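Novice: Below is the file data.pdb, which contains PDB, C-alpha atoms, pLDDT in the B column.
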ATOM      1  CA  MET K 299       7.588  27.856  14.832  1.00 79.00           C
ATOM      2  CA  LEU K 300      10.267  30.424  14.057  1.00 87.00           C
ATOM      3  CA  PHE K 301      13.525  29.529  12.291  1.00 91.00           C
ATOM      4  CA  ASN K 302      16.659  31.430  11.325  1.00 90.00           C
ATOM      5  CA  ASN K 303      16.434  30.477   7.644  1.00 91.00           C
ATOM      6  CA  ARG K 304      14.466  28.546   5.036  1.00 92.00           C
ATOM      7  CA  LEU K 305      16.653  25.442   5.253  1.00 92.00           C
ATOM      8  CA  GLU K 306      16.121  25.076   9.022  1.00 93.00           C
ATOM      9  CA  ALA K 307      12.384  25.575   8.568  1.00 92.00           C
ATOM     10  CA  MET K 308      12.205  23.055   5.751  1.00 93.00           C
ATOM     11  CA  LEU K 309      14.228  20.434   7.657  1.00 93.00           C
ATOM     12  CA  TRP K 310      11.907  20.863  10.646  1.00 93.00           C
ATOM     13  CA  ALA K 311       8.855  20.350   8.396  1.00 92.00           C
ATOM     14  CA  ILE K 312      10.426  17.260   6.805  1.00 92.00           C
ATOM     15  CA  GLY K 313      11.247  15.819  10.231  1.00 91.00           C
ATOM     16  CA  LYS K 314       7.780  16.586  11.549  1.00 90.00           C
ATOM     17  CA  SER K 315       6.169  14.834   8.567  1.00 88.00           C
ATOM     18  CA  LYS K 316       7.910  11.538   9.480  1.00 86.00           C
ATOM     19  CA  MET K 317       8.010  10.748   5.755  1.00 88.00           C
ATOM     20  CA  SER K 318      10.909   8.876   4.234  1.00 90.00           C
ATOM     21  CA  ASP K 319      13.219  10.631   1.799  1.00 91.00           C
ATOM     22  CA  LEU K 320      11.665   8.471  -0.939  1.00 91.00           C
ATOM     23  CA  ASP K 321       8.173   9.704  -0.035  1.00 90.00           C
ATOM     24  CA  ILE K 322       9.341  13.306  -0.073  1.00 91.00           C
ATOM     25  CA  GLU K 323      11.055  12.726  -3.419  1.00 91.00           C
ATOM     26  CA  ARG K 324       7.783  11.356  -4.820  1.00 90.00           C
ATOM     27  CA  ILE K 325       5.635  14.286  -3.733  1.00 89.00           C
ATOM     28  CA  THR K 326       8.123  17.072  -4.478  1.00 90.00           C
ATOM     29  CA  GLY K 327      10.249  15.748  -7.339  1.00 91.00           C
ATOM     30  CA  ILE K 328      13.392  16.621  -5.388  1.00 91.00           C
ATOM     31  CA  SER K 329      15.945  13.798  -5.412  1.00 93.00           C
ATOM     32  CA  ARG K 330      16.670  11.754  -2.301  1.00 93.00           C
ATOM     33  CA  SER K 331      20.356  12.547  -2.660  1.00 93.00           C
ATOM     34  CA  GLN K 332      19.550  16.262  -2.451  1.00 93.00           C
ATOM     35  CA  ILE K 333      17.384  15.693   0.636  1.00 92.00           C
ATOM     36  CA  PHE K 334      20.174  13.589   2.176  1.00 93.00           C
ATOM     37  CA  ARG K 335      22.719  16.386   1.589  1.00 93.00           C
ATOM     38  CA  TRP K 336      20.386  18.887   3.317  1.00 92.00           C
ATOM     39  CA  LYS K 337      20.013  16.604   6.313  1.00 92.00           C
ATOM     40  CA  LYS K 338      23.775  15.964   6.519  1.00 93.00           C
ATOM     41  CA  GLY K 339      24.467  19.701   6.530  1.00 91.00           C
ATOM     42  CA  GLU K 340      26.435  19.580   3.264  1.00 92.00           C
ATOM     43  CA  ILE K 341      24.246  22.355   1.858  1.00 88.00           C
ATOM     44  CA  HIS K 342      23.656  25.503   3.874  1.00 86.00           C
ATOM     45  CA  SER K 343      20.966  27.296   1.867  1.00 85.00           C
ATOM     46  CA  ILE K 344      18.181  26.490  -0.558  1.00 89.00           C
ATOM     47  CA  HIS K 345      16.393  28.279  -3.369  1.00 90.00           C
ATOM     48  CA  HIS K 346      13.121  29.914  -2.464  1.00 89.00           C
ATOM     49  CA  ARG K 347      11.241  27.860  -5.112  1.00 90.00           C
ATOM     50  CA  THR K 348      12.568  24.628  -3.590  1.00 91.00           C
ATOM     51  CA  PHE K 349      11.546  25.745  -0.114  1.00 92.00           C
ATOM     52  CA  GLU K 350       8.042  26.612  -1.334  1.00 91.00           C
ATOM     53  CA  ARG K 351       7.688  23.272  -3.138  1.00 91.00           C
ATOM     54  CA  VAL K 352       8.586  21.232  -0.050  1.00 92.00           C
ATOM     55  CA  ILE K 353       6.622  23.333   2.434  1.00 91.00           C
ATOM     56  CA  SER K 354       3.516  23.314   0.266  1.00 88.00           C
ATOM     57  CA  ALA K 355       3.797  19.546  -0.438  1.00 89.00           C
ATOM     58  CA  LEU K 356       3.911  18.958   3.319  1.00 89.00           C
ATOM     59  CA  GLN K 357       0.807  21.142   3.708  1.00 86.00           C
ATOM     60  CA  TYR K 358       2.387  23.991   5.658  1.00 88.00           C
ATOM     61  CA  ARG K 359       2.274  27.703   5.128  1.00 88.00           C
ATOM     62  CA  TYR K 360       5.049  30.127   5.995  1.00 89.00           C
ATOM     63  CA  GLU K 361       5.867  33.754   6.572  1.00 88.00           C
ATOM     64  CA  ILE K 362       9.234  35.388   6.102  1.00 87.00           C
ATOM     65  CA  THR K 363       9.650  38.127   8.671  1.00 85.00           C
ATOM     66  CA  SER K 364      12.492  40.282   9.927  1.00 86.00           C
ATOM     67  CA  GLU K 365      12.915  37.735  12.736  1.00 87.00           C
ATOM     68  CA  GLY K 366      13.231  34.754  10.396  1.00 88.00           C
ATOM     69  CA  VAL K 367      11.040  32.127   8.748  1.00 91.00           C
ATOM     70  CA  ARG K 368       7.839  31.202  10.521  1.00 90.00           C
ATOM     71  CA  ILE K 369       6.107  27.910   9.724  1.00 90.00           C
ATOM     72  CA  ILE K 370       2.377  28.049  10.290  1.00 85.00           C
ATOM     73  CA  THR K 371       1.063  24.744  11.596  1.00 73.00           C
ATOM     74  CA  THR K 372      -2.490  23.435  11.165  1.00 59.00           C
ATOM     75  CA  TYR K 373      -3.369  24.469  14.714  1.00 50.00           C
ATOM     76  CA  GLU K 374      -2.192  28.023  14.096  1.00 48.00           C
ATOM     77  CA  LYS K 375      -4.043  28.233  10.770  1.00 46.00           C
ATOM     78  CA  ASP K 376      -7.542  27.988  12.178  1.00 48.00           C
ATOM     79  CA  ASN K 377      -7.066  27.726  15.947  1.00 47.00           C
ATOM     80  CA  THR K 378      -8.905  24.401  16.072  1.00 44.00           C
ATOM     81  CA  MET K 379      -7.770  20.829  16.535  1.00 44.00           C
ATOM     82  CA  SER K 380      -8.546  19.869  12.947  1.00 46.00           C
ATOM     83  CA  ILE K 381      -6.319  17.427  11.133  1.00 54.00           C
ATOM     84  CA  GLU K 382      -5.180  18.103   7.611  1.00 58.00           C
ATOM     85  CA  ILE K 383      -3.946  15.174   5.557  1.00 61.00           C
ATOM     86  CA  ASN K 384      -1.593  16.051   2.751  1.00 68.00           C
ATOM     87  CA  PRO K 385      -2.427  14.683  -0.708  1.00 72.00           C
ATOM     88  CA  TYR K 386       0.341  12.075  -0.668  1.00 73.00           C
ATOM     89  CA  CYS K 387      -0.842  10.663   2.677  1.00 74.00           C
ATOM     90  CA  GLN K 388      -4.412  10.632   1.363  1.00 71.00           C
ATOM     91  CA  LYS K 389      -3.266   8.592  -1.650  1.00 75.00           C
ATOM     92  CA  ILE K 390      -1.612   6.098   0.710  1.00 80.00           C
ATOM     93  CA  ILE K 391      -4.781   5.870   2.813  1.00 75.00           C
ATOM     94  CA  ASP K 392      -6.928   5.366  -0.289  1.00 71.00           C
ATOM     95  CA  SER K 393      -4.582   2.683  -1.578  1.00 81.00           C
ATOM     96  CA  LEU K 394      -4.640   0.867   1.760  1.00 82.00           C
ATOM     97  CA  MET K 395      -8.438   1.011   1.857  1.00 77.00           C
ATOM     98  CA  GLU K 396      -8.589  -0.481  -1.643  1.00 81.00           C
ATOM     99  CA  GLN K 397      -6.170  -3.227  -0.565  1.00 86.00           C
ATOM    100  CA  LYS K 398      -8.328  -3.921   2.488  1.00 81.00           C
ATOM    101  CA  ASP K 399     -11.452  -4.225   0.330  1.00 78.00           C
ATOM    102  CA  SER K 400      -9.601  -6.492  -2.071  1.00 83.00           C
ATOM    103  CA  LEU K 401      -8.412  -8.707   0.801  1.00 86.00           C
ATOM    104  CA  ILE K 402     -11.953  -8.939   2.182  1.00 82.00           C
ATOM    105  CA  ASN K 403     -13.195 -10.016  -1.263  1.00 81.00           C
ATOM    106  CA  ASP K 404     -10.343 -12.520  -1.576  1.00 86.00           C
ATOM    107  CA  ASN K 405     -11.174 -13.876   1.874  1.00 86.00           C
ATOM    108  CA  MET K 406     -14.842 -14.326   0.911  1.00 86.00           C
ATOM    109  CA  ASN K 407     -13.822 -16.083  -2.322  1.00 87.00           C
ATOM    110  CA  LEU K 408     -11.485 -18.383  -0.389  1.00 91.00           C
ATOM    111  CA  LYS K 409     -14.244 -19.230   2.075  1.00 90.00           C
ATOM    112  CA  GLU K 410     -16.530 -20.123  -0.839  1.00 92.00           C
ATOM    113  CA  GLN K 411     -13.799 -22.259  -2.418  1.00 93.00           C
ATOM    114  CA  ILE K 412     -13.184 -24.051   0.879  1.00 94.00           C
ATOM    115  CA  ALA K 413     -16.903 -24.726   1.292  1.00 93.00           C
ATOM    116  CA  GLU K 414     -17.044 -26.122  -2.261  1.00 94.00           C
ATOM    117  CA  GLN K 415     -14.005 -28.334  -1.644  1.00 94.00           C
ATOM    118  CA  LYS K 416     -15.512 -29.630   1.608  1.00 94.00           C
ATOM    119  CA  LYS K 417     -18.670 -30.484  -0.327  1.00 94.00           C
ATOM    120  CA  GLN K 418     -16.608 -32.305  -2.968  1.00 94.00           C
ATOM    121  CA  ILE K 419     -14.711 -34.239  -0.275  1.00 93.00           C
ATOM    122  CA  GLN K 420     -17.962 -35.258   1.341  1.00 93.00           C
ATOM    123  CA  GLU K 421     -19.319 -36.452  -2.020  1.00 92.00           C
ATOM    124  CA  LEU K 422     -16.120 -38.446  -2.620  1.00 91.00           C
ATOM    125  CA  GLN K 423     -16.381 -40.013   0.838  1.00 90.00           C
ATOM    126  CA  GLU K 424     -19.982 -41.013   0.130  1.00 89.00           C
ATOM    127  CA  ARG K 425     -18.990 -42.534  -3.232  1.00 88.00           C
ATOM    128  CA  LEU K 426     -16.158 -44.469  -1.607  1.00 87.00           C
ATOM    129  CA  ASN K 427     -18.504 -45.707   1.100  1.00 85.00           C
ATOM    130  CA  THR K 428     -21.048 -46.957  -1.454  1.00 83.00           C
ATOM    131  CA  GLN K 429     -18.316 -48.602  -3.549  1.00 80.00           C
ATOM    132  CA  THR K 430     -16.842 -50.438  -0.568  1.00 74.00           C
ATOM    133  CA  LYS K 431     -20.268 -51.705   0.652  1.00 67.00           C
ATOM    134  CA  GLY K 432     -19.210 -54.691   2.705  1.00 60.00           C
ATOM    135  CA  GLN K 433     -15.770 -53.339   3.433  1.00 62.00           C
ATOM    136  CA  GLN K 434     -14.896 -50.951   6.229  1.00 61.00           C
ATOM    137  CA  LYS K 435     -16.475 -47.479   5.741  1.00 58.00           C
ATOM    138  CA  TRP K 436     -14.149 -44.670   4.608  1.00 56.00           C
ATOM    139  CA  GLN K 437     -13.695 -42.110   7.360  1.00 60.00           C
ATOM    140  CA  HIS K 438     -12.145 -38.715   7.150  1.00 56.00           C
TER     141      HIS K 438
END
What does this structure look like when you write it as structure tokens?
Specialist:
Amino acid sequence: MLFNNRLEAMLWAIGKSKMSDLDIERITGISRSQIFRWKKGEIHSIHHRTFERVISALQYRYEITSEGVRIITTYEKDNTMSIEINPYCQKIIDSLMEQKDSLINDNMNLKEQIAEQKKQIQELQERLNTQTKGQQKWQH
């Protein structure tokens, strides 16, 4: 992708990432208000260091040529259909996998607790039935 300037290239990369301004703030250290001003068109240029920080955080490479700024996508990097996951997305995936494992463990614990409670209820029913001997049997 070829752009007229760094700001256009960076805004394209941000849009392509589908990350929220908060996510971008977290991985780059650039404030959401600054990102908002870029998107609103209130700022018309950016420092080269800022451009590099955002582009690299979003896992892109770039070239500055006489024609403009070229963003090099994953497909162009190695000419294959590989998928690169940026570090921030990988952290989210890892966190979600940990949450999933935790929920599975919680579910197993709950099943064990339910089984134990059913056993206790059954024991209570049996005790009630033996205590009521001649009376009507307790039924659940």
Novice: What does the distance from atom CA of Ile402 of chain K to atom CA of Gln420 of chain K come to in Å, to one decimal?
Specialist: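 So the two atoms, atom CA of Ile402 of chain K and atom CA of Gln420 of chain K, lie 27.0 Å apart.
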Novice: Would you work out the distance separating atom CA of Leu320 of chain K from atom CA of Tyr360 of chain K, expressed in Å to one decimal?
Specialist: 23.7 Å
Novice: If you take every atom of segment 411-422 of chain K that the file lists and fit an axis-aligned box around them with 8 Å extra on each side, what centre and edge lengths come out in Å to one decimal, as lines of an AutoDock Vina configuration file?
Specialist:
center_x = -16.3
center_y = -30.4
center_z = -0.7
size_x = 22.1
size_y = 32.2
size_z = 20.6
Novice: If we count only C-alpha atoms and set the cut-off at 12 Å, which residues sit around Glu306 of chain K, ignoring sequence neighbours fewer than 2 positions away in its own chain? Please answer as a count of residues only.
Specialist: 25
Novice: Using all atoms listed in the file, find the one residue out of K:Arg330, K:Met317, K:Asn405, K:Ala307 that sits nearest to His346 of chain K.
Specialist: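 Using all atoms listed in the file, His346 of chain K sits closest to K:Ala307.
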Novice: Rank nothing, just name the residue among K:Cys387, K:Glu365, K:His345, K:Ser354 nearest to Asp321 of chain K, using all atoms listed in the file.
Specialist: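 Ranking K:Cys387, K:Glu365, K:His345, K:Ser354 by distance to Asp321 of chain K, first place goes to K:Cys387.
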Novice: Report, in Å to a single decimal, how far apart atom CA of Ile328 of chain K and atom CA of Leu356 of chain K are.
Specialist: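 Taking atom CA of Leu356 of chain K as the start and atom CA of Ile328 of chain K as the end point, the length is 13.1 Å.
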Novice: With distances taken over all atoms listed in the file, which of K:Gln418, K:Ser329, K:Thr348, K:Gln357 is nearest to Pro385 of chain K?
Specialist: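 Closest residue, counting all atoms listed in the file: K:Gln357.
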